[in-house]
Structures are given as C-alpha cells and as structure tokens.
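Below is one structure; the comments refer to it alone.
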Amino acid sequence: MLLAMHIPDGFLGPAATIATWGLAVGGVGYSLWRLRAALGARLAPLIGVTSAGIFAGQMVNFPLVGLATSGHLMGGVLAAVVLGPWGAVVALSTVLIVQCFMFGDGGVTALGANITNMALVGGLLGYTIYAPLRRLLGGGTRGTVLAAVVASWLIIPVAALAFVLEFAAGGTVGIFPLATWMVFYHVLIGLGEAIVTGLVVSWLMSTRPDLIYDPRHAVGRVGQWGQAVAAALVAAVAIAVFLAPWASEHEDGLERVADSLGFANRAEASAWAPFPDYALPSNNAETIEADKSAPANSFVPHAGMVTSLMGLVGTLATFGFAVIVARTAERRGSTLRPDAAAGVP
Amino acid sequence: MTGLHEPLDRYSRNASATWLHRLDARIKLLAALAAVVVFSFTPPTFWPAPAGVSISLVHVFGAIALCVLLVWAGVPLGYAVKRLCIVVPLLTAMALSVPLGRGFDATSWSMMGQIVVRAALCVTTLLVLANTTSDERLLSAMARLGVPNLLVTTLRFMVRYQALVADELARMRRARLSRTFDARGNARWSAVAGLVGRVLVRSFERSERVHAAMLARGFDGTIRDSVEL
C-alpha cells in the first residue's frame, strides 16, 4: 500500500533511473546468489509459487481506518517473515516484474526504483529491523508479532521517502515539501500495513509456526556485525521517519528566507534534467548552506531540542502502539479458530 | 484497483493472428524498451510542438504510431481506451507529487501534464507488447537476451501459478461470504488476515508439491525452453 500504484514510466530522471536500476540488479543478483547456495534446485518453484501467493495476498483489500477507501498490503515485511531476507527480495521483485510486463502496473524504466523501494527497502531493510527486534524480544508469538508490526509500520514511510529522493533527483521538485506530505500520509497508511501484517503473522504462528523463517536453521546467519549494523539502521530509520515532518517545516522556513534574499535565482537546472527549461526549486544544498548564516539561525538550537523530543516521543509511541496491537492480535489468535476466520472448510 | 489486476494479454492468445504477433519476441521486447526510454526521457524542449503547448513532437508522433500499431495488432481501440481510463486517474493522482513538491503554479501543472502524457504513452506501449506476445514467448525472449535463467525460471513459476492462486483466493472469499455473511468491525480485520495467511500457506505448500513433482521428472533447477520466438 505504498502509493496509489507503483511508480510509472516518465516520473524519474535519468540519474535516478540508472542508480535505482544498478541497486536493483545488484540486490536481486546477490539475493539469487545467496538463495541458490541455501536452496539449490528448490529455489525457482519455492520462490516462484510463493510469489504468486504474495501477489494474491496483495489483492485482498482491507478497510482503512477513518477513510472511506480501502487499502491493500505491500507485504515486504510479511514476505521476509516467511521467506527470509533474500527470499523476500527475489519474491517481491518477481511480483514487480510480472506486474510491470504482464499487468502494466508500474513502469519499465521505473522498475529499478520499484524494486529498490519495495523489495530492497520493504523486504531487506524491513527484515533488518524485524530480525534483531525479534531476537531482542525473545522470539515466541509475542516477540515475532511485535517485531513484524514495528518493522512493517516503519518501512512504509521509509519507502515513501525513498520515492521522494528518487523523484527529487530529477531536479523538478524539492525534497522537503514533498517529503512532508508523503511521510505524514504514509505514517498513517503504514498503520493499516502494520495491523494486517501483525494479524497475519499471529495467524501464521498459531497455524504453521514452522513456516516462520528462522536464521538459525538457514545458511548464512546474520553475525554480530550484522546485528550492530541493523541496530544502527533501526535508530536511523526511527529518526528519519519521525524527524522528517518537523525537519521539513524547518527547511520550508529556510526556503522562504532564501526566496526573499534572492538565492533562488542562482540555482541552475542541470543539462540532464527532464525539464531543463524550468528553474530548479530553491532548496538545494547550496542555498541552504548559504542560509545557515542568515538570521534564521537564531532559532536553530530551540528547534533542534523540539525535534529530538518529538523523535523520542514518536519512537516511544511506536512501541506503545505495537505492544497494544500485538496483545490484541494474540488474544484474538487464541480465541478464534483460524480456519473459521478464513472460511475454509 | 481491481482493473489493474486483469492481465494485459487478452489479444495475444493466437500467436499467428497478425504480423505483429508473428514478429520475433526479442525484437518486440527491445523495441518496446527503446520506445519507453525515449518517451520517458525526451524533454519538452527537444523538437517542441507549436502553438505554445509545452510538449515534444516525439510524444505526439509516438501517440499516433501507437494507435497505428494497436490497429495493426487487431486490438480494439475501445479496449485500450478502457484500460487507459483505469490507469490515467491513478497516474494523475501520483503526478500530484509535482505541485505538492514545488507549489501550485502554472509551471507545476504543465510539468504534471507532461508526466501524465509520458506515463500514458509508456503504458500503451506495454499494452501493444503484451497483447501481441504471449507470456511464454516474452519470458523466453528475456532469457535469450541475457536475463539470468534462474530468475526467468522463477518468473515462469510465478506466471504459471499466479492465475491459479488468484482463483483459489476467490474461492476462499466466496466460501467465507457464504458461511459468515460479511464480517464487520474487528472481525473483518481478522477475516482479512486469515485470508492472506491462508493464501500464503497454501501457495507455500503448493510450491513443495510442485517441486517434488518436478524432481520426479528430472528437474535440475532451471527450465530450458523450446519456444519458437
């Protein structure tokens, strides 16, 4: 449920297209290599048929809280919970390639960006949040569900931020105004993803707990270094998600100052930008740097304190919310027969 | 969103229907990729259209060429228009990123319009490709153009079982509706979760059965096709 649909063609500039295609080819290639070592000849049938299941799962609509419309699952963390990080990357990429060429959903030049946002950020980065958190919480039903809920919520606004970066790399729009909208919207949208992922994982734990991917039984587990990197990533992700809206307000202020001081006119469009005839938005690095010395800096310490506080409150709120969801999910899982919920005879 | 979940290839079943259907799938795939790249990255200043419309003539002639190809491929224009009617509102909603990112002024609207035109042309290009080339031939073309065989084999399984699993989901949904009416409130969420979980478990179990059946037939991990392109 990242966006209305996947990124179509024509949205990204050449630089973002080449960079994301490079990331996608590298990421999928490396994942295939790791998977082949672990699965051998099982790889294609296992990942291929399970991808069909993920694709079908993405078609199930669920009601959005407080909105008249309905959303559907992106499923990055869910795929990683079942298939592990490398399996999730290949499965989600498979879904995206088929959607692109056979369903016309998502662009061909944007396929690299879609794979980056949904398979690499949604699946792989989602897993690096989920796995250490799950270990930290001691595993079990509660730990697994809680970790999946937190990871799947955080990863939605992060994927949206990745889209903003790619879109802004073309030089047509500024990062910060768009990031404000996108992060705010996707923090809300991510709630739905988190609730459904948590419920599905708790359902899996009560039905087929053996299907939950466990690195202890898999080839090539994440070592101490991997844990340290993942912990740092969790911190970075939390900061990125919860500071972006406030940080952007701050930048908007700077932008206005830049406009009034006439810095905006100095910016030049790059020759490679798809819209070279339009002026670049004013908030590029140069103008912001130049503005640091402007009168605006008198409120910087205060604003910094507020943003840190907000970040802390946001992170704590995440955990509080996750605990509540995990508890209710657990209760429901024990009282309701899963087969009755699915309506399967 | 339901419209997007219908495959594009309704008119590709008869492999020898028109000369476009019979054309080597590799040529069609490469031509479509080239067209998409050109549509996506041609700036409006390159060969600009007259009369103050800020769009390149490449896009105008591209649209005409695509209409001709649709007619040659025997794809009814009504079908293409219907498909675009589903896609264009979604494209427009996504293209709102432009005014959201740089302010609601005339330049933003014009840039947004260009993005929608580019994206719609690329969607139509893929519509022509998918409706003249069957999935198997498209995948074989990818394999012979250098996409790793392991990835193409995984894609083959996905394509082969995607409709089957989607049917299974529809049956499960129907079974639930016929037994419990429509769940409301909190029960609806757990019903959705059960549906998604069951689909995942079933496709995973199916993959194990498929793998065992293929091993019994001498499967070694990749499929070597004999499709004529």
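Please note that chains go A, B, ... in the order of the structure tokens, that every chain numbers its residues from 1, and that ligands are numbered from 1 in the order shown.
Around stretch 17-19 of chain A, within 8 Å and counting only C-alpha atoms, the residues found are Leu12, Thr109, Ala110, Gly112 and Ala113 of chain A, once anything fewer than 5 positions away on its own chain is removed.
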Using N, CA and C atoms, can you export the residues from the last selection as a PDB file, in the first residue's frame?
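Result saved to selection32.pdb:
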```
ATOM      1  N   LEU A  12      10.702   9.567 -13.293  1.00  0.00           N
ATOM      2  CA  LEU A  12      12.053   9.714 -12.746  1.00  0.00           C
ATOM      3  C   LEU A  12      13.013  10.220 -13.809  1.00  0.00           C
ATOM      4  N   THR A 109      11.124   1.688 -17.061  1.00  0.00           N
ATOM      5  CA  THR A 109      12.294   2.441 -16.604  1.00  0.00           C
ATOM      6  C   THR A 109      12.236   2.619 -15.082  1.00  0.00           C
ATOM      7  N   ALA A 110      11.027   2.589 -14.522  1.00  0.00           N
ATOM      8  CA  ALA A 110      10.878   2.760 -13.073  1.00  0.00           C
ATOM      9  C   ALA A 110      10.935   1.430 -12.332  1.00  0.00           C
ATOM     10  N   GLY A 112      13.450  -0.457 -11.735  1.00  0.00           N
ATOM     11  CA  GLY A 112      14.558  -0.433 -10.782  1.00  0.00           C
ATOM     12  C   GLY A 112      14.168   0.274  -9.497  1.00  0.00           C
ATOM     13  N   ALA A 113      13.466   1.408  -9.641  1.00  0.00           N
ATOM     14  CA  ALA A 113      13.049   2.160  -8.451  1.00  0.00           C
ATOM     15  C   ALA A 113      11.998   1.391  -7.662  1.00  0.00           C
TER      16      ALA A 113
END
```
Inset, instruction - Might you pull out every residue within 9 Å of stretch 80-85 of chain A, with only C-alpha atoms counted and same-chain residues fewer than 2 positions away left off, and present them as number ranges by chain? - result: A: 31, 47, 50, 75-78, 87-91, 122-128, 130-131, 144, 148, 201, 211-215, 218; B: 200
Requested write-out: C-alpha atoms of the selected residues, as an mmCIF file, in the first residue's frame:
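The resulting file, out.cif, is reproduced below:
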```cif
data_model
loop_
_atom_site.group_PDB
_atom_site.id
_atom_site.type_symbol
_atom_site.label_atom_id
_atom_site.label_comp_id
_atom_site.auth_asym_id
_atom_site.auth_seq_id
_atom_site.Cartn_x
_atom_site.Cartn_y
_atom_site.Cartn_z
ATOM 1 C CA SER A 31 19.945 -12.356 -3.285
ATOM 2 C CA ILE A 47 10.029 -18.643 -4.616
ATOM 3 C CA THR A 50 5.096 -18.382 -3.161
ATOM 4 C CA GLY A 75 3.762 -7.266 2.081
ATOM 5 C CA GLY A 76 7.518 -6.545 2.241
ATOM 6 C CA VAL A 77 7.953 -7.483 5.888
ATOM 7 C CA LEU A 78 5.402 -10.301 5.609
ATOM 8 C CA GLY A 87 13.856 -14.909 -0.492
ATOM 9 C CA ALA A 88 11.791 -11.791 0.132
ATOM 10 C CA VAL A 89 13.911 -9.706 -2.256
ATOM 11 C CA VAL A 90 13.594 -12.244 -5.076
ATOM 12 C CA ALA A 91 9.891 -12.937 -4.454
ATOM 13 C CA GLY A 122 10.391 -3.083 2.053
ATOM 14 C CA GLY A 123 11.798 -6.612 2.213
ATOM 15 C CA LEU A 124 15.515 -6.421 3.023
ATOM 16 C CA LEU A 125 15.579 -3.293 5.209
ATOM 17 C CA GLY A 126 12.289 -4.426 6.766
ATOM 18 C CA TYR A 127 13.971 -7.695 7.681
ATOM 19 C CA THR A 128 16.972 -5.934 9.229
ATOM 20 C CA TYR A 130 12.372 -7.215 12.194
ATOM 21 C CA ALA A 131 15.066 -9.832 12.870
ATOM 22 C CA THR A 144 7.605 -12.241 16.423
ATOM 23 C CA ALA A 148 6.748 -7.630 12.452
ATOM 24 C CA VAL A 201 1.917 -13.212 11.420
ATOM 25 C CA LEU A 211 6.849 -21.571 8.178
ATOM 26 C CA ILE A 212 8.290 -18.547 10.024
ATOM 27 C CA TYR A 213 11.813 -18.066 8.711
ATOM 28 C CA ASP A 214 14.420 -18.664 11.397
ATOM 29 C CA PRO A 215 18.011 -17.700 10.586
ATOM 30 C CA ALA A 218 19.189 -21.227 7.449
ATOM 31 C CA LEU B 200 0.406 -17.700 1.713
#
```
Within 7 Å of chain A, which residues of chain B come that close, and what is the closest atom pair and distance in Å for each? Count only C-alpha atoms and give it as JSON lines.
```
{"residue": "B:Leu4", "atom": "CA", "partner": "A:Phe103", "partner_atom": "CA", "distance": 6.5}
{"residue": "B:His5", "atom": "CA", "partner": "A:Phe103", "partner_atom": "CA", "distance": 6.6}
{"residue": "B:Glu6", "atom": "CA", "partner": "A:Phe103", "partner_atom": "CA", "distance": 6.6}
{"residue": "B:Pro7", "atom": "CA", "partner": "A:Phe103", "partner_atom": "CA", "distance": 4.7}
{"residue": "B:Leu8", "atom": "CA", "partner": "A:Phe103", "partner_atom": "CA", "distance": 5.3}
{"residue": "B:Asp9", "atom": "CA", "partner": "A:Met102", "partner_atom": "CA", "distance": 6.9}
{"residue": "B:Val37", "atom": "CA", "partner": "A:Thr109", "partner_atom": "CA", "distance": 6.7}
{"residue": "B:Ser40", "atom": "CA", "partner": "A:Gly10", "partner_atom": "CA", "distance": 4.2}
{"residue": "B:Phe41", "atom": "CA", "partner": "A:Pro274", "partner_atom": "CA", "distance": 6.1}
{"residue": "B:Thr42", "atom": "CA", "partner": "A:Pro274", "partner_atom": "CA", "distance": 7.0}
{"residue": "B:Pro43", "atom": "CA", "partner": "A:Pro274", "partner_atom": "CA", "distance": 5.1}
{"residue": "B:Leu90", "atom": "CA", "partner": "A:Ala4", "partner_atom": "CA", "distance": 6.3}
{"residue": "B:Met94", "atom": "CA", "partner": "A:Ala4", "partner_atom": "CA", "distance": 6.8}
{"residue": "B:Ser97", "atom": "CA", "partner": "A:Leu178", "partner_atom": "CA", "distance": 6.7}
{"residue": "B:Val98", "atom": "CA", "partner": "A:Val173", "partner_atom": "CA", "distance": 6.3}
{"residue": "B:Leu100", "atom": "CA", "partner": "A:Leu178", "partner_atom": "CA", "distance": 5.7}
{"residue": "B:Gly101", "atom": "CA", "partner": "A:Leu178", "partner_atom": "CA", "distance": 4.2}
{"residue": "B:Arg102", "atom": "CA", "partner": "A:Val173", "partner_atom": "CA", "distance": 5.3}
{"residue": "B:Ile115", "atom": "CA", "partner": "A:Gly10", "partner_atom": "CA", "distance": 5.6}
{"residue": "B:Arg118", "atom": "CA", "partner": "A:Gly10", "partner_atom": "CA", "distance": 5.3}
{"residue": "B:Ala119", "atom": "CA", "partner": "A:Asp9", "partner_atom": "CA", "distance": 5.0}
{"residue": "B:Cys122", "atom": "CA", "partner": "A:Asp9", "partner_atom": "CA", "distance": 6.3}
{"residue": "B:Val123", "atom": "CA", "partner": "A:Gly104", "partner_atom": "CA", "distance": 6.2}
{"residue": "B:Leu126", "atom": "CA", "partner": "A:Gly104", "partner_atom": "CA", "distance": 6.4}
{"residue": "B:Ala130", "atom": "CA", "partner": "A:Met102", "partner_atom": "CA", "distance": 6.3}
{"residue": "B:Leu150", "atom": "CA", "partner": "A:Ala44", "partner_atom": "CA", "distance": 6.8}
{"residue": "B:Thr153", "atom": "CA", "partner": "A:Ala44", "partner_atom": "CA", "distance": 5.9}
{"residue": "B:Thr154", "atom": "CA", "partner": "A:Ala44", "partner_atom": "CA", "distance": 4.3}
{"residue": "B:Leu155", "atom": "CA", "partner": "A:Thr94", "partner_atom": "CA", "distance": 6.0}
{"residue": "B:Phe157", "atom": "CA", "partner": "A:Gly48", "partner_atom": "CA", "distance": 4.8}
{"residue": "B:Met158", "atom": "CA", "partner": "A:Gly48", "partner_atom": "CA", "distance": 4.4}
{"residue": "B:Tyr161", "atom": "CA", "partner": "A:Val49", "partner_atom": "CA", "distance": 6.1}
{"residue": "B:Gln162", "atom": "CA", "partner": "A:Ala52", "partner_atom": "CA", "distance": 4.6}
{"residue": "B:Val165", "atom": "CA", "partner": "A:Gly53", "partner_atom": "CA", "distance": 6.2}
{"residue": "B:Ala166", "atom": "CA", "partner": "A:Ala56", "partner_atom": "CA", "distance": 5.4}
{"residue": "B:Leu169", "atom": "CA", "partner": "A:Ala56", "partner_atom": "CA", "distance": 7.0}
{"residue": "B:Met172", "atom": "CA", "partner": "A:Val344", "partner_atom": "CA", "distance": 6.3}
{"residue": "B:Ala175", "atom": "CA", "partner": "A:Gly343", "partner_atom": "CA", "distance": 5.8}
{"residue": "B:Arg176", "atom": "CA", "partner": "A:Gly343", "partner_atom": "CA", "distance": 4.0}
{"residue": "B:Ser190", "atom": "CA", "partner": "A:Ala341", "partner_atom": "CA", "distance": 6.5}
{"residue": "B:Ala191", "atom": "CA", "partner": "A:Ala341", "partner_atom": "CA", "distance": 4.7}
{"residue": "B:Val192", "atom": "CA", "partner": "A:Phe62", "partner_atom": "CA", "distance": 6.6}
{"residue": "B:Ala193", "atom": "CA", "partner": "A:Val200", "partner_atom": "CA", "distance": 4.7}
{"residue": "B:Gly194", "atom": "CA", "partner": "A:Ala342", "partner_atom": "CA", "distance": 4.7}
{"residue": "B:Leu195", "atom": "CA", "partner": "A:Ala342", "partner_atom": "CA", "distance": 4.9}
{"residue": "B:Val196", "atom": "CA", "partner": "A:Gly57", "partner_atom": "CA", "distance": 4.9}
{"residue": "B:Gly197", "atom": "CA", "partner": "A:Val200", "partner_atom": "CA", "distance": 5.3}
{"residue": "B:Arg198", "atom": "CA", "partner": "A:Ala342", "partner_atom": "CA", "distance": 7.0}
{"residue": "B:Val199", "atom": "CA", "partner": "A:Gly53", "partner_atom": "CA", "distance": 5.8}
{"residue": "B:Leu200", "atom": "CA", "partner": "A:Gly53", "partner_atom": "CA", "distance": 5.1}
{"residue": "B:Ser203", "atom": "CA", "partner": "A:Thr50", "partner_atom": "CA", "distance": 5.2}
{"residue": "B:Phe204", "atom": "CA", "partner": "A:Thr50", "partner_atom": "CA", "distance": 5.3}
{"residue": "B:Ser207", "atom": "CA", "partner": "A:Leu46", "partner_atom": "CA", "distance": 4.9}
{"residue": "B:Glu208", "atom": "CA", "partner": "A:Leu46", "partner_atom": "CA", "distance": 6.7}
{"residue": "B:Val210", "atom": "CA", "partner": "A:Pro45", "partner_atom": "CA", "distance": 6.7}
{"residue": "B:His211", "atom": "CA", "partner": "A:Pro45", "partner_atom": "CA", "distance": 5.8}
{"residue": "B:Asp220", "atom": "CA", "partner": "A:Ala41", "partner_atom": "CA", "distance": 5.7}
{"residue": "B:Gly221", "atom": "CA", "partner": "A:Ala41", "partner_atom": "CA", "distance": 3.9}
```
Can you spit out the residues from that selection as a compact mmCIF listing (two decimals), in the first residue's frame, using C-alpha atoms?
```
# COMPACT_ATOMS: atom_id res chain seq x y z
CA LEU B 4 -5.14 -3.27 -12.73
CA HIS B 5 -5.30 -6.89 -11.67
CA GLU B 6 -6.53 -8.03 -15.02
CA PRO B 7 -3.69 -9.22 -17.27
CA LEU B 8 -2.96 -7.12 -20.36
CA ASP B 9 -2.58 -10.01 -22.79
CA VAL B 37 13.13 5.04 -22.72
CA SER B 40 10.34 8.82 -20.60
CA PHE B 41 13.41 10.97 -21.15
CA THR B 42 12.68 13.23 -24.14
CA PRO B 43 12.50 16.77 -22.74
CA LEU B 90 -4.10 6.82 -10.91
CA MET B 94 0.61 10.16 -8.41
CA SER B 97 3.62 14.90 -6.33
CA VAL B 98 4.82 17.69 -8.62
CA LEU B 100 2.89 19.13 -3.81
CA GLY B 101 6.66 19.29 -4.16
CA ARG B 102 7.09 22.71 -5.78
CA ILE B 115 4.42 13.38 -16.75
CA ARG B 118 4.72 10.27 -20.88
CA ALA B 119 3.39 7.64 -18.47
CA CYS B 122 4.54 4.04 -21.93
CA VAL B 123 1.52 2.14 -20.58
CA LEU B 126 3.35 -2.17 -22.93
CA ALA B 130 1.63 -7.74 -24.07
CA LEU B 150 17.36 -18.75 -12.60
CA THR B 153 12.58 -19.83 -14.27
CA THR B 154 11.29 -18.23 -11.06
CA LEU B 155 9.22 -15.84 -13.20
CA PHE B 157 6.58 -20.44 -11.99
CA MET B 158 5.09 -17.14 -10.85
CA TYR B 161 0.62 -20.28 -10.81
CA GLN B 162 -0.49 -16.67 -10.44
CA VAL B 165 -3.63 -18.90 -6.75
CA ALA B 166 -5.85 -15.91 -7.55
CA LEU B 169 -8.30 -16.79 -3.23
CA MET B 172 -11.92 -18.93 -0.31
CA ALA B 175 -16.73 -19.71 0.87
CA ARG B 176 -16.32 -17.23 3.72
CA SER B 190 -9.04 -10.93 11.39
CA ALA B 191 -11.00 -12.32 8.44
CA VAL B 192 -8.72 -10.43 6.06
CA ALA B 193 -5.64 -11.62 7.97
CA GLY B 194 -6.85 -15.21 7.87
CA LEU B 195 -7.45 -14.95 4.14
CA VAL B 196 -3.97 -13.55 3.43
CA GLY B 197 -2.30 -16.05 5.77
CA ARG B 198 -4.17 -18.99 4.26
CA VAL B 199 -3.27 -17.94 0.72
CA LEU B 200 0.41 -17.70 1.71
CA SER B 203 0.96 -21.36 -2.06
CA PHE B 204 3.94 -22.40 0.07
CA SER B 207 5.38 -25.00 -4.08
CA GLU B 208 6.58 -28.06 -2.15
CA VAL B 210 5.28 -28.76 -7.41
CA HIS B 211 8.95 -29.14 -6.55
CA ASP B 220 17.56 -29.67 -12.01
CA GLY B 221 16.67 -26.08 -11.07
```
